[in-house]
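Q: Let me give you the structure first, and then I'll get to my questions.
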Amino acid sequence: MKLSTQKRLAADVMKVGVSRVWIDPTFEDEISLAITRDDIKRLVDEGAIQKKQVTGVSRGRARYVLEQKRKGQRKGPGRKKGKATSKLSSKDRWMIKIRPMRKELRKLRDNKKITSKTYRELYLKAKGNAFRNTAHLRTYISERRLEVSK
């Protein structure tokens, strides 16, 4: 049985689109006899005609991906786009490298392990990118016997 007119009226009464109107299959005979808006309103009140809920986009997958990223997953080389510096700029990489070296040099100078003159020379070498890391800096100092002997 065709209930398109009733569905259209119900959509108008409930202020929703036709696709959101749900008609209870058990009341089909009664609904087919409803021809006025008052008949439709009565059927809506009885629950024979109802609004369907608005369908949204599920966040379930997005939540799962976020949880994985928090664990450190999904960050491998296959995920990365762009240059090597796109994740960490060359300036940030430099800062990460130079700060521990300068801290190490300060510590050595303050503990009188190296002289102020040696400190200045090594500081400028570090600034000139002569050392890969603090371990390389320490090796350089020990190989050239730049520590102050007591």
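The way I read the labels, and the way they are meant: chains A, B, ... in the order of the structure tokens, residue 1 as the first residue of every chain, and ligand 1 as the first ligand shown, with later ones counted on from there.
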Quick one: everything within 10 Å of Trp22 of chain A, counting only C-alpha atoms, minus sequence neighbours fewer than 2 positions away in the same chain. Send it as a list in words.
A: Lys7, Ala10, Ala11, Val18, Ser19, Arg20, Asp24, Pro25, Gly47, Ala48, Ile49, Gln50, Lys51, Lys52 and Gln53 of chain A
Q: Can you tell me, as number ranges by chain, what residues are no more than 12 Å from Lys113 of chain A when counting only C-alpha atoms, ignoring any on the same chain fewer than 2 positions away?
A: A: 104-111, 115-119, 138, 141-142, 145-150
Q: Write out as a list of chain:residue names all residues of segment 9-131 of chain A that backbone DSSP assigns to strand (DSSP E or B).
A: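 So the strand (DSSP E or B) residues in segment 9-131 of chain A would be A:Val21, A:Trp22, A:Ile23, A:Ile49, A:Gln50, A:Lys51.
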Q: Just the selected residues (C-alpha atoms), exported as an mmCIF file, in the first residue's frame, please.
A:
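Ended up saving to selection_12.cif:
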```cif
data_model
loop_
_atom_site.group_PDB
_atom_site.id
_atom_site.type_symbol
_atom_site.label_atom_id
_atom_site.label_comp_id
_atom_site.auth_asym_id
_atom_site.auth_seq_id
_atom_site.Cartn_x
_atom_site.Cartn_y
_atom_site.Cartn_z
ATOM 1 C CA VAL A 21 9.650 9.854 8.692
ATOM 2 C CA TRP A 22 9.211 6.320 10.080
ATOM 3 C CA ILE A 23 5.870 4.560 9.794
ATOM 4 C CA ILE A 49 4.504 7.756 12.993
ATOM 5 C CA GLN A 50 7.893 8.811 14.401
ATOM 6 C CA LYS A 51 10.947 10.902 13.539
#
```
Q: At what distance in Å, to one decimal, does atom CA of Trp94 of chain A lie from atom CA of Arg144 of chain A?
A: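 Value for the atom CA of Arg144 of chain A-atom CA of Trp94 of chain A distance: 25.3 Å.
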Q: Name the residues of segment 1-147 of chain A that fall into alpha helix (DSSP H) according to DSSP on the backbone, using the chain letters and numbers of this document, as a PyMOL selection string.
A: chain A and resi 4-14+28-33+37-46+60-71+90-110+116-127+134-143
Q: Since we have the selection now, will you write its residues out, keeping C-alpha atoms, as a PDB file, in the first residue's frame?
A:
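Ended up saving to out32.pdb:
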```
ATOM      1  CA  SER A   4       3.613   8.654   0.186  1.00  0.00           C
ATOM      2  CA  THR A   5       0.943  11.329   0.833  1.00  0.00           C
ATOM      3  CA  GLN A   6       0.784  10.444   4.532  1.00  0.00           C
ATOM      4  CA  LYS A   7       4.557  10.450   4.720  1.00  0.00           C
ATOM      5  CA  ARG A   8       4.700  13.890   3.110  1.00  0.00           C
ATOM      6  CA  LEU A   9       2.067  15.261   5.487  1.00  0.00           C
ATOM      7  CA  ALA A  10       3.823  13.720   8.475  1.00  0.00           C
ATOM      8  CA  ALA A  11       7.131  15.285   7.373  1.00  0.00           C
ATOM      9  CA  ASP A  12       5.413  18.666   7.177  1.00  0.00           C
ATOM     10  CA  VAL A  13       3.710  18.232  10.583  1.00  0.00           C
ATOM     11  CA  MET A  14       6.918  17.081  12.351  1.00  0.00           C
ATOM     12  CA  GLU A  28      -0.209   0.692   8.067  1.00  0.00           C
ATOM     13  CA  ASP A  29      -3.951   0.119   7.589  1.00  0.00           C
ATOM     14  CA  GLU A  30      -4.873   2.871  10.031  1.00  0.00           C
ATOM     15  CA  ILE A  31      -2.304   5.274   8.537  1.00  0.00           C
ATOM     16  CA  SER A  32      -3.576   4.681   4.978  1.00  0.00           C
ATOM     17  CA  LEU A  33      -6.993   5.989   6.106  1.00  0.00           C
ATOM     18  CA  ARG A  37      -3.244  16.833   9.118  1.00  0.00           C
ATOM     19  CA  ASP A  38      -5.198  16.271  12.332  1.00  0.00           C
ATOM     20  CA  ASP A  39      -5.286  12.516  11.607  1.00  0.00           C
ATOM     21  CA  ILE A  40      -1.514  12.566  11.105  1.00  0.00           C
ATOM     22  CA  LYS A  41      -0.950  14.572  14.325  1.00  0.00           C
ATOM     23  CA  ARG A  42      -3.015  12.006  16.261  1.00  0.00           C
ATOM     24  CA  LEU A  43      -0.946   9.138  14.807  1.00  0.00           C
ATOM     25  CA  VAL A  44       2.272  10.981  15.718  1.00  0.00           C
ATOM     26  CA  ASP A  45       1.019  11.339  19.300  1.00  0.00           C
ATOM     27  CA  GLU A  46       0.135   7.619  19.395  1.00  0.00           C
ATOM     28  CA  GLY A  60      34.954   5.988  16.659  1.00  0.00           C
ATOM     29  CA  ARG A  61      37.665   5.549  14.037  1.00  0.00           C
ATOM     30  CA  ALA A  62      39.126   8.974  14.780  1.00  0.00           C
ATOM     31  CA  ARG A  63      39.285   8.161  18.516  1.00  0.00           C
ATOM     32  CA  TYR A  64      41.039   4.860  17.766  1.00  0.00           C
ATOM     33  CA  VAL A  65      43.645   6.581  15.556  1.00  0.00           C
ATOM     34  CA  LEU A  66      44.248   9.266  18.205  1.00  0.00           C
ATOM     35  CA  GLU A  67      44.756   6.596  20.882  1.00  0.00           C
ATOM     36  CA  GLN A  68      47.265   4.805  18.632  1.00  0.00           C
ATOM     37  CA  LYS A  69      49.160   8.061  18.034  1.00  0.00           C
ATOM     38  CA  ARG A  70      49.312   8.688  21.783  1.00  0.00           C
ATOM     39  CA  LYS A  71      50.952   5.288  22.160  1.00  0.00           C
ATOM     40  CA  SER A  90      67.098  22.467  10.965  1.00  0.00           C
ATOM     41  CA  LYS A  91      67.178  25.217  13.596  1.00  0.00           C
ATOM     42  CA  ASP A  92      65.474  22.997  16.184  1.00  0.00           C
ATOM     43  CA  ARG A  93      67.890  20.164  15.369  1.00  0.00           C
ATOM     44  CA  TRP A  94      70.804  22.565  15.856  1.00  0.00           C
ATOM     45  CA  MET A  95      69.451  23.764  19.210  1.00  0.00           C
ATOM     46  CA  ILE A  96      68.981  20.178  20.400  1.00  0.00           C
ATOM     47  CA  LYS A  97      72.599  19.498  19.430  1.00  0.00           C
ATOM     48  CA  ILE A  98      74.375  22.666  20.668  1.00  0.00           C
ATOM     49  CA  ARG A  99      72.682  23.225  24.041  1.00  0.00           C
ATOM     50  CA  PRO A 100      74.027  20.054  25.724  1.00  0.00           C
ATOM     51  CA  MET A 101      77.517  20.796  24.330  1.00  0.00           C
ATOM     52  CA  ARG A 102      77.497  24.309  25.761  1.00  0.00           C
ATOM     53  CA  LYS A 103      76.168  22.985  29.064  1.00  0.00           C
ATOM     54  CA  GLU A 104      78.985  20.417  29.150  1.00  0.00           C
ATOM     55  CA  LEU A 105      81.599  23.108  28.413  1.00  0.00           C
ATOM     56  CA  ARG A 106      80.205  25.351  31.181  1.00  0.00           C
ATOM     57  CA  LYS A 107      80.315  22.439  33.629  1.00  0.00           C
ATOM     58  CA  LEU A 108      83.935  21.627  32.732  1.00  0.00           C
ATOM     59  CA  ARG A 109      84.976  25.285  33.086  1.00  0.00           C
ATOM     60  CA  ASP A 110      83.142  25.792  36.395  1.00  0.00           C
ATOM     61  CA  SER A 116      88.801  29.774  30.338  1.00  0.00           C
ATOM     62  CA  LYS A 117      90.959  30.041  27.216  1.00  0.00           C
ATOM     63  CA  THR A 118      90.311  26.376  26.300  1.00  0.00           C
ATOM     64  CA  TYR A 119      86.616  26.883  27.076  1.00  0.00           C
ATOM     65  CA  ARG A 120      86.456  29.813  24.635  1.00  0.00           C
ATOM     66  CA  GLU A 121      88.272  27.869  21.894  1.00  0.00           C
ATOM     67  CA  LEU A 122      86.040  24.815  22.292  1.00  0.00           C
ATOM     68  CA  TYR A 123      82.923  27.004  22.499  1.00  0.00           C
ATOM     69  CA  LEU A 124      83.758  28.577  19.151  1.00  0.00           C
ATOM     70  CA  LYS A 125      84.589  25.168  17.629  1.00  0.00           C
ATOM     71  CA  ALA A 126      81.208  23.847  18.815  1.00  0.00           C
ATOM     72  CA  LYS A 127      79.569  26.911  17.323  1.00  0.00           C
ATOM     73  CA  THR A 134      78.898  15.828  23.670  1.00  0.00           C
ATOM     74  CA  ALA A 135      80.605  12.437  23.493  1.00  0.00           C
ATOM     75  CA  HIS A 136      82.620  13.629  20.491  1.00  0.00           C
ATOM     76  CA  LEU A 137      83.471  16.827  22.389  1.00  0.00           C
ATOM     77  CA  ARG A 138      84.720  14.831  25.424  1.00  0.00           C
ATOM     78  CA  THR A 139      86.791  12.574  23.148  1.00  0.00           C
ATOM     79  CA  TYR A 140      88.353  15.619  21.497  1.00  0.00           C
ATOM     80  CA  ILE A 141      89.284  17.087  24.913  1.00  0.00           C
ATOM     81  CA  SER A 142      90.824  13.835  26.193  1.00  0.00           C
ATOM     82  CA  GLU A 143      92.737  13.072  22.959  1.00  0.00           C
TER      83      GLU A 143
END
```
Q: One number please: atom CA of Asn129 of chain A to atom CA of Ile114 of chain A, in Å, one decimal.
A: 19.9 Å
Q: What does the structure give for the distance between atom CA of Val16 of chain A and atom CA of Leu3 of chain A, in Å to one decimal?
A: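 About the pair atom CA of Val16 of chain A and atom CA of Leu3 of chain A: they are 16.6 Å apart.
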